[in-house]
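K.L.:
One structure follows; several queries about it will come next.
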Amino acid sequence: MLLLSYLFIFEKRTRRPPLNAINALISFGNSICYTTVLSEIYKTYLDPRICFLHTTNFRRFSLNLDVAEIFKPIMVDRLIFTLINRKMLTKKHFVKEMNGILLNEDGRKLFITELDKRLKSTVNHRHLGKSVSYRRLIRLELYKLQKHILGEKQYEPYQSLW
C-alpha cells in the first residue's frame with residue numbers, strides 16, 4: 001500500500017469505475033494523454049489504427065495507446081503527485097458516482113488546467129540541443145516512429161532522465 005497523503009491511499013489499480021481518488025486521477029489523466037497523442041498523430045502521416053504494442057483493431061485507434069505509454073509516467077503520473085503533494089486536490093474534488101469515485105467538474109477543470117501547463121512547459125532535448133514543449137516532444141516521437149517505418153532510422157524511444 002502506497003500512502004501519498006493522509007487523504008489519498010493507493011492499494012491497487014482499479015478502473016471502470018475507479019474505486020478511489022488515485023484511480024480516478026489515473027483514469028482521467030490517461031484518457032487525456034491518449035487524446036493528446038491522437039491529436040498529434042493527426043499532424044503526421046501515421047495511421048492511428050496501426051500499432052505495435054496494443055491489439056490492432058481497424059475500428060479503434062491504437063497507435064495513440066502505444067505512444068502514450070512513453071508519456072503517461074512523465075506527464076500524468078508526475079502531475080498527480082504534484083497535485084496531491086501541493087494539496088491542490090482534496091476530497092472535495094471527487095464525487096461518488098456509478099459505483100465508483102470520479103473527479104467532479106472543479107476537479108476536472110483543475111486537472112486539465114495543470115496538464116495544459118505541463119504540455120506547454122519545456123524540457124531540454126538531448127539530441128536537438130534546445131528546449132521543446134512536452135506537446136512538441138510527443139510529435140518528435142511520432143516523427144521518429146515514422147522514420148523507422150520508412151527505414152530511414154532505427155527507432156529509439158524517448159527516455160526521461162529523472
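Residue names in the C-alpha cells use chain letters A, B, ... in the order shown, residue numbers from 1 in each chain, and ligand numbers from 1 in the order shown.
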Using DSSP secondary structure from the backbone, list all alpha helix (DSSP H) positions within chain A, as a PyMOL selection string.

P.N.:
chain A and resi 21-41+63-71+78-85+105-120+134-149

K.L.:
Using C-alpha atoms, can you export the residues from the last selection as a PDB file, in the first residue's frame?

P.N.:
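Output file again.pdb follows:
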```pdb
ATOM      1  CA  ALA A  21      -9.422   9.049  -5.800  1.00  0.00           C
ATOM      2  CA  ILE A  22      -5.987   7.956  -7.068  1.00  0.00           C
ATOM      3  CA  ASN A  23      -7.518   5.589  -9.610  1.00  0.00           C
ATOM      4  CA  ALA A  24      -9.926   8.315 -10.714  1.00  0.00           C
ATOM      5  CA  LEU A  25      -6.944  10.635 -11.330  1.00  0.00           C
ATOM      6  CA  ILE A  26      -5.011   7.966 -13.220  1.00  0.00           C
ATOM      7  CA  SER A  27      -8.000   7.077 -15.438  1.00  0.00           C
ATOM      8  CA  PHE A  28      -8.856  10.703 -16.190  1.00  0.00           C
ATOM      9  CA  GLY A  29      -5.220  11.661 -16.842  1.00  0.00           C
ATOM     10  CA  ASN A  30      -4.581   8.663 -19.082  1.00  0.00           C
ATOM     11  CA  SER A  31      -7.659   9.390 -21.199  1.00  0.00           C
ATOM     12  CA  ILE A  32      -6.484  12.963 -21.748  1.00  0.00           C
ATOM     13  CA  CYS A  33      -2.996  11.710 -22.591  1.00  0.00           C
ATOM     14  CA  TYR A  34      -4.448   9.304 -25.190  1.00  0.00           C
ATOM     15  CA  THR A  35      -6.424  12.130 -26.770  1.00  0.00           C
ATOM     16  CA  THR A  36      -3.417  14.459 -26.790  1.00  0.00           C
ATOM     17  CA  VAL A  37      -1.249  11.857 -28.522  1.00  0.00           C
ATOM     18  CA  LEU A  38      -4.029  11.141 -31.032  1.00  0.00           C
ATOM     19  CA  SER A  39      -4.271  14.843 -31.918  1.00  0.00           C
ATOM     20  CA  GLU A  40      -0.519  14.849 -32.599  1.00  0.00           C
ATOM     21  CA  ILE A  41      -0.786  11.681 -34.723  1.00  0.00           C
ATOM     22  CA  LEU A  63      -1.241   3.855 -32.018  1.00  0.00           C
ATOM     23  CA  ASN A  64      -2.054   6.629 -29.548  1.00  0.00           C
ATOM     24  CA  LEU A  65      -2.228   3.999 -26.785  1.00  0.00           C
ATOM     25  CA  ASP A  66       1.240   2.749 -27.751  1.00  0.00           C
ATOM     26  CA  VAL A  67       2.895   6.164 -27.858  1.00  0.00           C
ATOM     27  CA  ALA A  68       1.109   7.326 -24.703  1.00  0.00           C
ATOM     28  CA  GLU A  69       2.897   4.555 -22.771  1.00  0.00           C
ATOM     29  CA  ILE A  70       6.056   6.669 -23.078  1.00  0.00           C
ATOM     30  CA  PHE A  71       4.416   9.875 -21.875  1.00  0.00           C
ATOM     31  CA  ARG A  78       4.089  13.305 -12.208  1.00  0.00           C
ATOM     32  CA  LEU A  79       1.124  15.676 -12.367  1.00  0.00           C
ATOM     33  CA  ILE A  80      -0.875  13.502  -9.961  1.00  0.00           C
ATOM     34  CA  PHE A  81       1.982  13.557  -7.445  1.00  0.00           C
ATOM     35  CA  THR A  82       2.303  17.332  -7.840  1.00  0.00           C
ATOM     36  CA  LEU A  83      -1.412  17.986  -7.362  1.00  0.00           C
ATOM     37  CA  ILE A  84      -1.549  15.840  -4.231  1.00  0.00           C
ATOM     38  CA  ASN A  85       1.748  16.932  -2.681  1.00  0.00           C
ATOM     39  CA  GLU A 105     -16.330  19.391 -12.518  1.00  0.00           C
ATOM     40  CA  ASP A 106     -13.985  21.548 -10.416  1.00  0.00           C
ATOM     41  CA  GLY A 107     -11.518  18.660 -10.131  1.00  0.00           C
ATOM     42  CA  ARG A 108     -11.574  18.051 -13.891  1.00  0.00           C
ATOM     43  CA  LYS A 109     -11.039  21.755 -14.618  1.00  0.00           C
ATOM     44  CA  LEU A 110      -8.092  21.906 -12.224  1.00  0.00           C
ATOM     45  CA  PHE A 111      -6.534  18.750 -13.656  1.00  0.00           C
ATOM     46  CA  ILE A 112      -6.946  19.908 -17.262  1.00  0.00           C
ATOM     47  CA  THR A 113      -5.548  23.367 -16.477  1.00  0.00           C
ATOM     48  CA  GLU A 114      -2.472  21.907 -14.798  1.00  0.00           C
ATOM     49  CA  LEU A 115      -1.950  19.298 -17.527  1.00  0.00           C
ATOM     50  CA  ASP A 116      -2.163  22.019 -20.172  1.00  0.00           C
ATOM     51  CA  LYS A 117       0.529  23.966 -18.298  1.00  0.00           C
ATOM     52  CA  ARG A 118       2.671  20.846 -18.258  1.00  0.00           C
ATOM     53  CA  LEU A 119       2.185  20.274 -22.001  1.00  0.00           C
ATOM     54  CA  LYS A 120       3.323  23.851 -22.644  1.00  0.00           C
ATOM     55  CA  TYR A 134       6.107  18.293 -23.951  1.00  0.00           C
ATOM     56  CA  ARG A 135       3.467  18.556 -26.691  1.00  0.00           C
ATOM     57  CA  ARG A 136       6.251  19.056 -29.270  1.00  0.00           C
ATOM     58  CA  LEU A 137       8.145  16.155 -27.707  1.00  0.00           C
ATOM     59  CA  ILE A 138       5.188  13.891 -28.473  1.00  0.00           C
ATOM     60  CA  ARG A 139       5.232  14.972 -32.120  1.00  0.00           C
ATOM     61  CA  LEU A 140       9.006  14.446 -32.333  1.00  0.00           C
ATOM     62  CA  GLU A 141       8.466  10.913 -31.018  1.00  0.00           C
ATOM     63  CA  LEU A 142       5.928  10.299 -33.769  1.00  0.00           C
ATOM     64  CA  TYR A 143       8.372  11.604 -36.379  1.00  0.00           C
ATOM     65  CA  LYS A 144      10.981   9.135 -35.079  1.00  0.00           C
ATOM     66  CA  LEU A 145       8.459   6.330 -35.430  1.00  0.00           C
ATOM     67  CA  GLN A 146       7.611   7.499 -38.942  1.00  0.00           C
ATOM     68  CA  LYS A 147      11.314   7.453 -39.933  1.00  0.00           C
ATOM     69  CA  HIS A 148      11.642   3.946 -38.516  1.00  0.00           C
ATOM     70  CA  ILE A 149       8.689   2.697 -40.582  1.00  0.00           C
TER      71      ILE A 149
END
```

K.L.:
Using DSSP on the backbone, list every residue of chain A that comes out as strand (DSSP E or B), and give them as a list in words.

P.N.:
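Here is the list: Leu2, Leu3, Ile9, Phe10, Asn57, Arg60, Phe94, Val95, Lys96, Glu97, Gly100, Ile101, Leu102, Leu103, Thr122, Val123, Asn124, His125, Lys130, Ser131, Val132 and Ser133 of chain A.
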
K.L.:
Out of A:His125, A:Lys12, A:Arg60, A:Arg86, which residue has the shortest atom-to-atom distance to A:Asp47 when counting only C-alpha atoms?

P.N.:
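The shortest atom-to-atom distance to A:Asp47 comes from A:Arg60.
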
K.L.:
May I ask for the distance between atom CA of A:Leu103 and atom CA of A:Lys91, given in Å to one decimal place?

P.N.:
9.4 Å
